[in-house]
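Engineer: Dropping the structure in here first, questions after.
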Amino acid sequence: MDHEILKFVTEKSQELMNAPSCSSEAKAAARTWLDSVGTDREAVETKKYMDELETCIMPIHSLIGFAESDKGTEILGADFAKKILGHAKEIEAAGAKYCDCPACAAAETILQKKNDILK
């Protein structure tokens, strides 16, 4: 992997892991990938990491559906669910494809360079 791409993915992976909204699965995948850099496992772990990011990033329509649901209201509370729903609809109208929480934003930024990362 190119040095600049490696530096970029390392920094964004740290952001992802530090995000309160990061899932335990994404955090574990980031940690495993970071630990594999420079080893014979790096290529395999890089592919697994990209796959995990694609799985865990939340599409905006899924966020809207969750925020509108009874389960979303139960987990988030009615007021926060309404706030999330309003925000999600606003960013969707502006063209967002994914949730913009810190974890999803870091994942999206990494995935935008997936082709360069997997070279």
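Labels used: A, B, ... for chains in the order of the structure tokens, numbers from 1 for residues in each chain, and numbers from 1 for ligands as shown.
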Find the residues around Ser13 of chain A up to 12 Å (only C-alpha atoms counted), leave out those fewer than 6 positions away in its own chain, and share them as an MDAnalysis selection string.
Structural biologist: chainID A and resid 5:7 19 22 26:35 46 49:50 53 102:111
Engineer: Given the selection you just returned, output its residues as a file containing N, CA, C and O atoms, formatted as a compact mmCIF listing (two decimals), in the first residue's frame.
Structural biologist:
```
# COMPACT_ATOMS: atom_id res chain seq x y z
N ILE A 5 -1.47 6.60 1.37
CA ILE A 5 -2.74 5.90 1.60
C ILE A 5 -2.69 5.20 2.96
O ILE A 5 -3.66 5.26 3.72
N LEU A 6 -1.58 4.56 3.27
CA LEU A 6 -1.43 3.88 4.56
C LEU A 6 -1.59 4.88 5.71
O LEU A 6 -2.31 4.62 6.68
N LYS A 7 -0.95 6.02 5.59
CA LYS A 7 -1.06 7.07 6.62
C LYS A 7 -2.52 7.53 6.77
O LYS A 7 -3.04 7.65 7.87
N ALA A 19 -14.56 6.98 17.86
CA ALA A 19 -15.93 7.50 17.76
C ALA A 19 -16.85 6.76 18.71
O ALA A 19 -16.87 5.52 18.73
N CYS A 22 -18.99 4.02 17.15
CA CYS A 22 -18.35 2.90 16.47
C CYS A 22 -18.80 1.58 17.09
O CYS A 22 -18.76 1.40 18.31
N ALA A 26 -16.71 -3.09 14.12
CA ALA A 26 -15.87 -2.19 13.32
C ALA A 26 -14.59 -1.85 14.08
O ALA A 26 -13.51 -1.79 13.49
N LYS A 27 -14.72 -1.63 15.37
CA LYS A 27 -13.55 -1.33 16.20
C LYS A 27 -12.57 -2.50 16.18
O LYS A 27 -11.35 -2.31 16.02
N ALA A 28 -13.07 -3.71 16.30
CA ALA A 28 -12.21 -4.90 16.28
C ALA A 28 -11.55 -5.06 14.91
O ALA A 28 -10.35 -5.40 14.83
N ALA A 29 -12.29 -4.81 13.84
CA ALA A 29 -11.72 -4.93 12.49
C ALA A 29 -10.62 -3.89 12.28
O ALA A 29 -9.57 -4.20 11.70
N ALA A 30 -10.85 -2.68 12.75
CA ALA A 30 -9.83 -1.62 12.63
C ALA A 30 -8.58 -2.00 13.42
O ALA A 30 -7.46 -1.87 12.93
N ARG A 31 -8.76 -2.49 14.64
CA ARG A 31 -7.62 -2.88 15.48
C ARG A 31 -6.85 -4.03 14.83
O ARG A 31 -5.62 -4.01 14.77
N THR A 32 -7.56 -5.02 14.33
CA THR A 32 -6.91 -6.16 13.68
C THR A 32 -6.13 -5.69 12.45
O THR A 32 -4.99 -6.12 12.22
N TRP A 33 -6.74 -4.79 11.67
CA TRP A 33 -6.04 -4.28 10.50
C TRP A 33 -4.79 -3.51 10.92
O TRP A 33 -3.70 -3.75 10.36
N LEU A 34 -4.92 -2.62 11.87
CA LEU A 34 -3.75 -1.85 12.32
C LEU A 34 -2.64 -2.77 12.80
O LEU A 34 -1.46 -2.54 12.50
N ASP A 35 -3.00 -3.82 13.52
CA ASP A 35 -2.01 -4.77 14.02
C ASP A 35 -1.36 -5.57 12.89
O ASP A 35 -0.25 -6.09 13.06
N THR A 46 -6.65 -6.32 5.25
CA THR A 46 -7.14 -5.11 4.58
C THR A 46 -8.47 -5.42 3.89
O THR A 46 -9.43 -4.65 4.01
N TYR A 49 -11.15 -5.84 6.46
CA TYR A 49 -11.49 -4.53 7.04
C TYR A 49 -12.43 -3.77 6.10
O TYR A 49 -13.45 -3.22 6.55
N MET A 50 -12.12 -3.74 4.82
CA MET A 50 -12.99 -3.06 3.86
C MET A 50 -14.38 -3.70 3.85
O MET A 50 -15.40 -3.01 3.82
N LEU A 53 -16.25 -2.55 6.96
CA LEU A 53 -16.72 -1.17 6.84
C LEU A 53 -17.94 -1.08 5.94
O LEU A 53 -18.88 -0.33 6.25
N PRO A 102 -19.83 10.22 13.65
CA PRO A 102 -18.37 10.14 13.50
C PRO A 102 -17.87 8.79 12.97
O PRO A 102 -16.96 8.75 12.13
N ALA A 103 -18.46 7.69 13.39
CA ALA A 103 -18.01 6.38 12.92
C ALA A 103 -18.35 6.18 11.45
O ALA A 103 -17.50 5.76 10.66
N CYS A 104 -19.58 6.47 11.07
CA CYS A 104 -19.97 6.30 9.67
C CYS A 104 -19.21 7.27 8.76
O CYS A 104 -18.83 6.91 7.65
N ALA A 105 -18.97 8.48 9.24
CA ALA A 105 -18.21 9.46 8.44
C ALA A 105 -16.79 8.96 8.20
O ALA A 105 -16.27 9.06 7.07
N ALA A 106 -16.15 8.40 9.22
CA ALA A 106 -14.80 7.86 9.06
C ALA A 106 -14.82 6.67 8.10
O ALA A 106 -13.97 6.56 7.20
N ALA A 107 -15.80 5.79 8.26
CA ALA A 107 -15.91 4.62 7.38
C ALA A 107 -16.13 5.06 5.94
O ALA A 107 -15.49 4.52 5.02
N GLU A 108 -17.01 6.02 5.73
CA GLU A 108 -17.27 6.49 4.37
C GLU A 108 -16.01 7.07 3.74
O GLU A 108 -15.71 6.81 2.57
N THR A 109 -15.27 7.84 4.50
CA THR A 109 -14.05 8.45 3.98
C THR A 109 -13.03 7.38 3.59
O THR A 109 -12.38 7.48 2.54
N ILE A 110 -12.90 6.36 4.41
CA ILE A 110 -11.99 5.26 4.08
C ILE A 110 -12.47 4.54 2.82
O ILE A 110 -11.70 4.29 1.90
N LEU A 111 -13.76 4.22 2.78
CA LEU A 111 -14.30 3.47 1.65
C LEU A 111 -14.22 4.24 0.33
O LEU A 111 -14.16 3.62 -0.74
```
Engineer: Do you know which residues are at most 12 Å from Lys83 of chain A counting only C-alpha atoms, after dropping those on the same chain fewer than 2 positions away, and could you put them as a count of residues only?
Structural biologist: 18
Engineer: Counting only C-alpha atoms, which residue out of A:Ile60, A:Met1, A:Ala96, A:Lys113 sits closest to Glu42 of chain A?
Structural biologist: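 Using only C-alpha atoms, the shortest distance to Glu42 of chain A belongs to A:Met1.
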Engineer: Mind giving me the straight-line distance from atom CA of Met58 of chain A to atom CA of Glu45 of chain A in Å, one decimal?
Structural biologist: 21.6 Å
Engineer: Using only C-alpha atoms, which of the listed residues (A:Glu11, A:Asp2, A:Glu25, A:Glu92) sits closest to Lys48 of chain A?
Structural biologist: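 Distance minimum relative to Lys48 of chain A lands on A:Glu25.
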Engineer: Between A:Val37, A:Val44, A:Cys99, A:Leu16, which one has atoms that come closest to His61 of chain A, using only C-alpha atoms?
Structural biologist: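 So, comparing all the options, the nearest one is A:Cys99.
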Engineer: Pick from A:Cys56, A:Val9, A:Ala94, A:Ile84: nearest to Leu118 of chain A, with only C-alpha atoms counted?
Structural biologist: A:Val9
